[in-house]
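K.L.:
Handing you a structure now.
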Amino acid sequence: MATTDVSQPRARPVRQSLDVLGWLRENLFNSWYNVVITVALLILIYQVVSGLAGWLFTAQGWPAVVANLKVLLAWTYPADQLWRPQLALGVVTLLLGLSAGVWRGIVLALAVGFGVVCLLLALPTFLLAPVPAQVALPAWQMFLAAAALVAVGAFVGNAGGQRLRWPLVIAWVLLYPVVILIIRGFGGPLPIVDTNLWGGLMLTLLLSVSGIVLSFPLGILLALGRRSDLPVIKWFCIAYIELIRGVPLVTVLFMGSLMLPLFLPGGESIDQLVRATVAVTLFSAAYLAENVRGGLQAIPKGQTEAARALGLNVVQTTLLITLPQALRAVIPVLVGQFISLFKDTSLVVIVGLADLLGAAQGVVGQPEWLGTPGGVWRETFLFIAVIYWFFSFTMSRTSRRIEQQLNVGKH
Amino acid sequence: MAVSTPPQRTAIPFYRDTRIIAIILQAVFAVLVIGVLWYLYTNMIEGLRRANLLPTFAFLRTPAGFPIAESVIPYDPSMTYGRAFIVGALNTLRVAVTGIILATVLGIFIGICRLSSNWLLRNTATVYVEIVRNVPLLLQLILWFFLTKAFPRVQESINAGGLIFLHNRGVTLAWPATTASFGAWAPWLWAGLLAGAGFYAVRRYQFVRRDRPGVALPWAALIAGTIALLGFVVTRIASGTWPVTLDLPELQRFNFEGGLTVTASFAALLVGLVVYTAAFISEIVRSGIQAVNKGQREAARALGLTNGQTLRLVIFPQALRIMIPPMTSQYLNLTKNSSLAIAIAFPDLFYVGNTINNQTGQAVPVILMLMASYLSVSLLTSLLMNWYNRRIQLVER
C-alpha cells in the first residue's frame, strides 16, 4: 500500500551512528569539490602549523619578553611597590568569588570567566618567567593566586549565604575608589606612585574598567533622556549620542588630550591619564546609552502601565520597574561592550600612554635587542596578542553563557 | 427642576500641571547646558588668548610646508594647509571605499565557508574569525606594518608570478593601463552601456506592466559586455594594439617601472582593516542566512528549485534584509577605524590633521574640521545604506 498507515505508531527514525570512516566521508569527502577543499586545506594547515611551530622554538626574541615581563604587565611601576596592584587584583578576585557564591547565576558565570582568564594567563607567564624573580610574587603565581581566590571566595560566599549580601553590595560600591587609592597611594605607608609610571596590562585593565564603570551613570541618563517626551532633553541626548558615535575614538582621545586642559580656568595642567579616562568615559557613555536604550525598548508597555496604575510616579516607575529589567536584559551586550572597550583602549598609545600595546612597542624599541636578527617584534607582539585574545575570547564566551541563562529564566 | 450646577472646575495649581512642569524642566536643563558650555567656552578663549592662539581658520590659506607621502591629487609642500587637509580626506576615502568593497567580498566568502558542509573548512573559518575578532585592530595593523617592513629590499622582491611583487617599500601589482587606441574603443563602451541600460529599462517596464517578476540585469550585463568585447577585438584589428593592456612591473635599478605600487603603510592599513572587518561581516552573513526560516528552504526544495537557485532566489534575498543594518554599522566602523592609520604613518585625514595641529597649534579648528569630516562621511554612508535598506525591505500592506 502506498499510503502510510497512520494508526500504527510511527517508527523512530533510524539514528545512524557513524564510525570514523563514515564520519570522514560524511563531513570531509562527501562530494568531489569537498575532497579538493579538504586536501587543499590540509596542505595549507600543515604548512602554517609546521612553520609556526618551527619558528616558536627557534625564535631568538624570547629573552626580550622574559626580561620585560614586568614591563609588559605593569610598565615602570616601581618594582618594590608591585604588591599594591597585586593586592588590588586579589581584592577584586576575592570579592568576585564571594559574590559568585552568594548570588550564583550571572555573577557565577562572570567569576568563572575571570578565573579562567587568570588561569590562562598563568601559563604563558610561567613559561616565560625570569629565573630570578624580580618581585615578591612572580606574575604566574599572582595569576594562579587570583584564580584560587575566585574559587575560595565562591566557597566562602556559598557558605555565608544571604548574610553577606549587604556587606558585599557596599564593598562593590567602594571597590573602584579603593583600588585606585591602593594603586596610586596617598603618602605615608603607601607612597604616591605617579600615574605616568602606570602602564602595561594593568593600565589596559584599569582604563577599560574605568570606561565602563564611570560611563554607567552618564550612559543611563542619556538613554533615559533619549526616550524622554521632553523635546529639549531628547534632542540634546540624540545630538550627543550621534555625534560621539559618528566620530572615531582617536578624535575623542585627541580632543580630550588637547582641549580638556583648555576648558579649565587658569590653564591648569591635567594628568594625561585623567584626560584619556575622561575621553574614554565620554565615548563609552554614548555606546552604553544605545545598549541600555535597546533594553528599555524591549520592556513591554504593560510594565509601565501597571506601575503607573499602582500609583508609582515616573521616577519610581523608572528606578524600580523599567530600569532594573532593562539592565538585566542588556548584561550580555554590556559584556560585549566591555570586550570592545578592552580592545579599544589600545588606542591610548596614540596620545602617548603606555598600555599593554604601548609597553610592547617600548620593549620592541629597546636598544639592547637591536642586535637580534629580525628584531624582537614578532615574539613581543605575539605575546601581547595572546593576552588580549585570552581576555576577549573568554569574556565573549561568558557573555554567551549569560545570554543562555537569561533566556532560560524567561521561559 | 433643579438646575444642576456645573461641576466646579478647580484650576490645577501651576506647580502640579505636568505641561508647565515639563516646560520649566526643559528651561532649567537648557540653561544648565548652555551655562556649562558657555563657562567652558570662555575658559578656553581666555586660555588661548593668553597663549596668543585665538582660534581662526586663516591658517588654511597659508603654505603647509610639509610633504605628504602619497596623494590622489597633485600636492607639494608649497600648497596650503587647506589643500593638505583635502589630500588627507581623499586618502581616507580611498582606504575606506577600497576596504569596504574588499571586506564585503572576503566577509561573504568566509560567512559562506562557515556554513559549509565540509567540517574542516567550516572550522578553519571559525578559527579565523575567533582569532581576528579578539585581538585589537591597532595591534593587527602594527603587525601587518612590521611584516611589510620585514620584506626584502626592492631589488630582491618576493615575486608572485611576475604579477605581484612584495618588498619593504610596499606592494607592486600588475595593473591595467589604457593605450593610444583606448579613444577608438571608448565609443563601443558607451554604446554597450547604453544598449544594456536601454534593454534593462524596457524589460523592467514590461515586468511592471504585466505584474510578474523576471530577470533583467544579467541579460543587460551580457548585452553590454558582448558589445564592449566586440569593440575590444575590432579596435585591436583596426589599430593593431589592445585598447587596455596589463601593465607588468619591470624592476629598474632602484625601483619598479610600470604597474601599480602602493606604499607599505597603505598596504598594511588596507589588509588590516579588510581582515578585521571581514571577520565581523562573516558573522553577520552567517547569522543572516541562518536566521531565514528553515521552512523557506524546504519549500523551495519541494517546489523543485536546485540548491543554487534556493540560495540565490529564496534564501539570500531574505537574508539580505536582516544583514543590511548591521552591515551598515560595520562599514561605518571600517571608515572610523581607518583613523588608526596614524600609528603606521599613512597620511589619512587624522594623520594630516594631527600634523597641521602640531605645526599651527590651532587645535580647536583642526578638531572641529576632523569631527565634521568624519561625521559627514558617517551620515552619508548611513543615508546611502538606509536608502538601499528601504529599497529591499519587504513591502507590507
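Here, A, B, ... name the chains of the C-alpha cells in the order displayed, residue numbers run from 1 inside each chain, and ligands are numbered from 1 in the same displayed order.
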Need to verify the contact set: A:Trp369, 9 Å, only C-alpha atoms, exclusion of same-chain residues closer than 5 positions in sequence. Can you return it as a list in words?
P.N.:
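Once the adjacent positions are removed, what remains is Gly61, Ala64, Val363, Val364, Gly375 and Val376 of chain A.
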K.L.:
Write a file of the just-selected residues containing N, CA and C atoms, as a compact mmCIF listing (two decimals), in the first residue's frame.
P.N.:
# COMPACT_ATOMS: atom_id res chain seq x y z
N GLY A 61 63.87 35.96 19.95
CA GLY A 61 63.44 37.17 20.65
C GLY A 61 62.84 36.92 22.02
N ALA A 64 63.79 38.83 25.19
CA ALA A 64 63.26 40.19 25.34
C ALA A 64 61.96 40.17 26.13
N VAL A 363 59.14 47.87 24.46
CA VAL A 363 60.08 46.74 24.52
C VAL A 363 60.75 46.54 23.17
N VAL A 364 59.94 46.61 22.10
CA VAL A 364 60.48 46.39 20.76
C VAL A 364 61.55 47.43 20.43
N GLY A 375 64.87 41.47 14.73
CA GLY A 375 64.19 42.21 15.79
C GLY A 375 63.39 41.30 16.69
N VAL A 376 62.82 41.90 17.74
CA VAL A 376 62.06 41.08 18.69
C VAL A 376 60.57 41.35 18.58
K.L.:
Please extract the residues of stretch 127-320 of chain A with a backbone DSSP assignment of helix (DSSP H, G or I) and present them as a ChimeraX atom specification.
P.N.:
/A:127,139-184,195-197,200-226,231-246,249-263,265-267,272-297,301-309,314-320
K.L.:
Give me, as a ChimeraX atom specification, all polymer residues having an atom no more than 9 Å from B:Thr235, counting only C-alpha atoms and skipping those fewer than 6 positions away in the same chain.
P.N.:
/B:181-182,184-185,241-243
K.L.:
Would you mind exporting all heavy atoms of the selected residues as a PDB file, in the first residue's frame?
P.N.:
ATOM      1  N   SER B 181      45.035  53.446 -28.351  1.00  0.00           N
ATOM      2  CA  SER B 181      43.809  53.105 -29.075  1.00  0.00           C
ATOM      3  C   SER B 181      42.585  53.080 -28.163  1.00  0.00           C
ATOM      4  O   SER B 181      41.505  52.706 -28.589  1.00  0.00           O
ATOM      5  CB  SER B 181      43.977  51.746 -29.762  1.00  0.00           C
ATOM      6  OG  SER B 181      44.135  50.737 -28.778  1.00  0.00           O
ATOM      7  N   PHE B 182      42.758  53.491 -26.888  1.00  0.00           N
ATOM      8  CA  PHE B 182      41.619  53.492 -25.967  1.00  0.00           C
ATOM      9  C   PHE B 182      40.522  54.419 -26.482  1.00  0.00           C
ATOM     10  O   PHE B 182      39.337  54.120 -26.356  1.00  0.00           O
ATOM     11  CB  PHE B 182      42.063  53.931 -24.574  1.00  0.00           C
ATOM     12  CG  PHE B 182      40.967  53.853 -23.550  1.00  0.00           C
ATOM     13  CD1 PHE B 182      40.582  52.629 -23.030  1.00  0.00           C
ATOM     14  CD2 PHE B 182      40.308  54.995 -23.113  1.00  0.00           C
ATOM     15  CE1 PHE B 182      39.576  52.542 -22.098  1.00  0.00           C
ATOM     16  CE2 PHE B 182      39.294  54.911 -22.180  1.00  0.00           C
ATOM     17  CZ  PHE B 182      38.929  53.684 -21.672  1.00  0.00           C
ATOM     18  N   ALA B 184      39.647  54.955 -29.474  1.00  0.00           N
ATOM     19  CA  ALA B 184      38.841  54.296 -30.513  1.00  0.00           C
ATOM     20  C   ALA B 184      37.849  53.317 -29.902  1.00  0.00           C
ATOM     21  O   ALA B 184      36.778  53.050 -30.450  1.00  0.00           O
ATOM     22  CB  ALA B 184      39.763  53.566 -31.485  1.00  0.00           C
ATOM     23  N   TRP B 185      38.200  52.781 -28.710  1.00  0.00           N
ATOM     24  CA  TRP B 185      37.341  51.772 -28.087  1.00  0.00           C
ATOM     25  C   TRP B 185      36.202  52.436 -27.295  1.00  0.00           C
ATOM     26  O   TRP B 185      35.119  51.854 -27.151  1.00  0.00           O
ATOM     27  CB  TRP B 185      38.185  50.890 -27.164  1.00  0.00           C
ATOM     28  CG  TRP B 185      37.425  49.769 -26.532  1.00  0.00           C
ATOM     29  CD1 TRP B 185      36.581  48.910 -27.159  1.00  0.00           C
ATOM     30  CD2 TRP B 185      37.420  49.400 -25.160  1.00  0.00           C
ATOM     31  NE1 TRP B 185      36.059  48.012 -26.276  1.00  0.00           N
ATOM     32  CE2 TRP B 185      36.568  48.283 -25.020  1.00  0.00           C
ATOM     33  CE3 TRP B 185      38.078  49.883 -24.018  1.00  0.00           C
ATOM     34  CZ2 TRP B 185      36.330  47.667 -23.796  1.00  0.00           C
ATOM     35  CZ3 TRP B 185      37.851  49.250 -22.810  1.00  0.00           C
ATOM     36  CH2 TRP B 185      36.994  48.170 -22.698  1.00  0.00           C
ATOM     37  N   THR B 241      46.751  47.635 -31.687  1.00  0.00           N
ATOM     38  CA  THR B 241      47.076  47.497 -30.254  1.00  0.00           C
ATOM     39  C   THR B 241      45.794  47.284 -29.467  1.00  0.00           C
ATOM     40  O   THR B 241      44.734  47.801 -29.819  1.00  0.00           O
ATOM     41  CB  THR B 241      47.750  48.758 -29.698  1.00  0.00           C
ATOM     42  OG1 THR B 241      46.941  49.886 -30.025  1.00  0.00           O
ATOM     43  CG2 THR B 241      49.155  48.940 -30.228  1.00  0.00           C
ATOM     44  N   TRP B 242      45.922  46.506 -28.384  1.00  0.00           N
ATOM     45  CA  TRP B 242      44.790  46.372 -27.477  1.00  0.00           C
ATOM     46  C   TRP B 242      44.527  47.717 -26.806  1.00  0.00           C
ATOM     47  O   TRP B 242      45.481  48.398 -26.430  1.00  0.00           O
ATOM     48  CB  TRP B 242      45.070  45.334 -26.382  1.00  0.00           C
ATOM     49  CG  TRP B 242      45.228  43.926 -26.870  1.00  0.00           C
ATOM     50  CD1 TRP B 242      46.372  43.205 -26.916  1.00  0.00           C
ATOM     51  CD2 TRP B 242      44.204  43.072 -27.376  1.00  0.00           C
ATOM     52  NE1 TRP B 242      46.146  41.950 -27.412  1.00  0.00           N
ATOM     53  CE2 TRP B 242      44.816  41.834 -27.709  1.00  0.00           C
ATOM     54  CE3 TRP B 242      42.833  43.217 -27.594  1.00  0.00           C
ATOM     55  CZ2 TRP B 242      44.096  40.754 -28.232  1.00  0.00           C
ATOM     56  CZ3 TRP B 242      42.120  42.143 -28.110  1.00  0.00           C
ATOM     57  CH2 TRP B 242      42.747  40.948 -28.427  1.00  0.00           C
ATOM     58  N   PRO B 243      43.257  48.122 -26.645  1.00  0.00           N
ATOM     59  CA  PRO B 243      42.991  49.418 -26.005  1.00  0.00           C
ATOM     60  C   PRO B 243      43.393  49.439 -24.526  1.00  0.00           C
ATOM     61  O   PRO B 243      43.765  50.474 -24.000  1.00  0.00           O
ATOM     62  CB  PRO B 243      41.496  49.622 -26.172  1.00  0.00           C
ATOM     63  CG  PRO B 243      40.939  48.321 -26.612  1.00  0.00           C
ATOM     64  CD  PRO B 243      42.044  47.495 -27.171  1.00  0.00           C
TER      65      PRO B 243
END
K.L.:
Given only C-alpha atoms as the basis, pick out the residue of A:Ala171, A:Ala100, A:Val39, A:Leu312 nearest to chain B.
P.N.:
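The answer is A:Val39, which sits nearest to chain B.
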K.L.:
If we count only C-alpha atoms, what is near stretch 143-156 of chain B at a cut-off of 8 Å, once residues fewer than 3 positions away on the same chain are taken out, given as a list of chain:residue names?
P.N.:
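The neighbour list is A:Gly374, A:Trp377, A:Arg378, A:Phe381, B:Leu139, B:Gln140, B:Leu166, B:His167, B:Asn168, B:Arg169, B:Gly170, B:Leu251, B:Arg253, B:Phe254, B:Asn255, B:Phe256, B:Ala264, B:Ser265, B:Ala268, B:Leu269, B:Val271, B:Gly272, B:Ile344.
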K.L.:
Record the distance separating atom CA of B:Gln290 and atom CA of B:Leu217, expressed in Å with one decimal.
P.N.:
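Spanning atom CA of B:Gln290 to atom CA of B:Leu217 is a straight-line distance of 27.1 Å.
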K.L.:
Using only C-alpha atoms, select each residue of chain B with any atom at most 6 Å away from an atom of chain A, and give the selection as a list of chain:residue names.
P.N.:
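Result, ordered by chain then number: B:Gln26, B:Leu40, B:Asn43, B:Met44, B:Asn118, B:Trp119, B:Asn134, B:Val135, B:Pro136, B:Lys336, B:Tyr374, B:Leu375, B:Ser378.
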K.L.:
Distance atom CA of B:Gly225-atom CA of B:Thr172, one decimal place?
P.N.:
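It comes out at 28.9 Å.
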K.L.:
Just how far from atom CA of A:Ala276 is atom CA of A:Gly352, in Å to one decimal?
P.N.:
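Computing it gives 9.7 Å between the two atoms.
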K.L.:
Calculated over only C-alpha atoms, which of the candidates A:Thr398, A:Thr322, A:Thr277, A:Gln316 has the smallest distance to A:Ile220?
P.N.:
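Checking each candidate against A:Ile220, we get A:Thr322 as the closest.
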K.L.:
Within 8 Å of B:Val285, counting only C-alpha atoms, which residues show up once you throw out same-chain ones fewer than 5 positions away? Write them as a tab-separated table (two decimals) with C-alpha atoms, in the first residue's frame, please.
P.N.:
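Heads up, here's the output in out32.tsv:
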chain	number	residue	atom	x	y	z
B	107	GLY	CA	33.35	38.58	4.61
B	108	ILE	CA	30.67	36.97	2.45
B	111	GLY	CA	30.49	33.61	6.06
B	112	ILE	CA	29.57	31.01	3.44
B	319	ALA	CA	18.94	37.13	4.50
B	323	MET	CA	22.04	41.73	7.09
K.L.:
So which residues of stretch 140-243 of chain B fall under strand (DSSP E or B) by DSSP, listed as a list in words?
P.N.:
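Answer for stretch 140-243 of chain B restricted to strand (DSSP E or B) is Ile158, Asn159, Ala160, Ile164, Phe165, Leu166, His167, Gly170, Val171, Thr172, Leu173, Trp175, Pro176, Ala177 and Thr178 of chain B.
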K.L.:
Hey, what's within 9 Å of B:Leu332 if we count only C-alpha atoms and toss same-chain stuff fewer than 5 positions away? As a PyMOL selection string, please?
P.N.:
(chain A and resi 246) or (chain B and resi 327+337+377-378+381-382)
K.L.:
Nearest to A:Leu221 among A:Leu205, A:Leu137, A:Ala285, A:Val71, with distances taken over only C-alpha atoms: which residue is it?
P.N.:
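Among the listed residues, the smallest separation from A:Leu221 belongs to A:Ala285.
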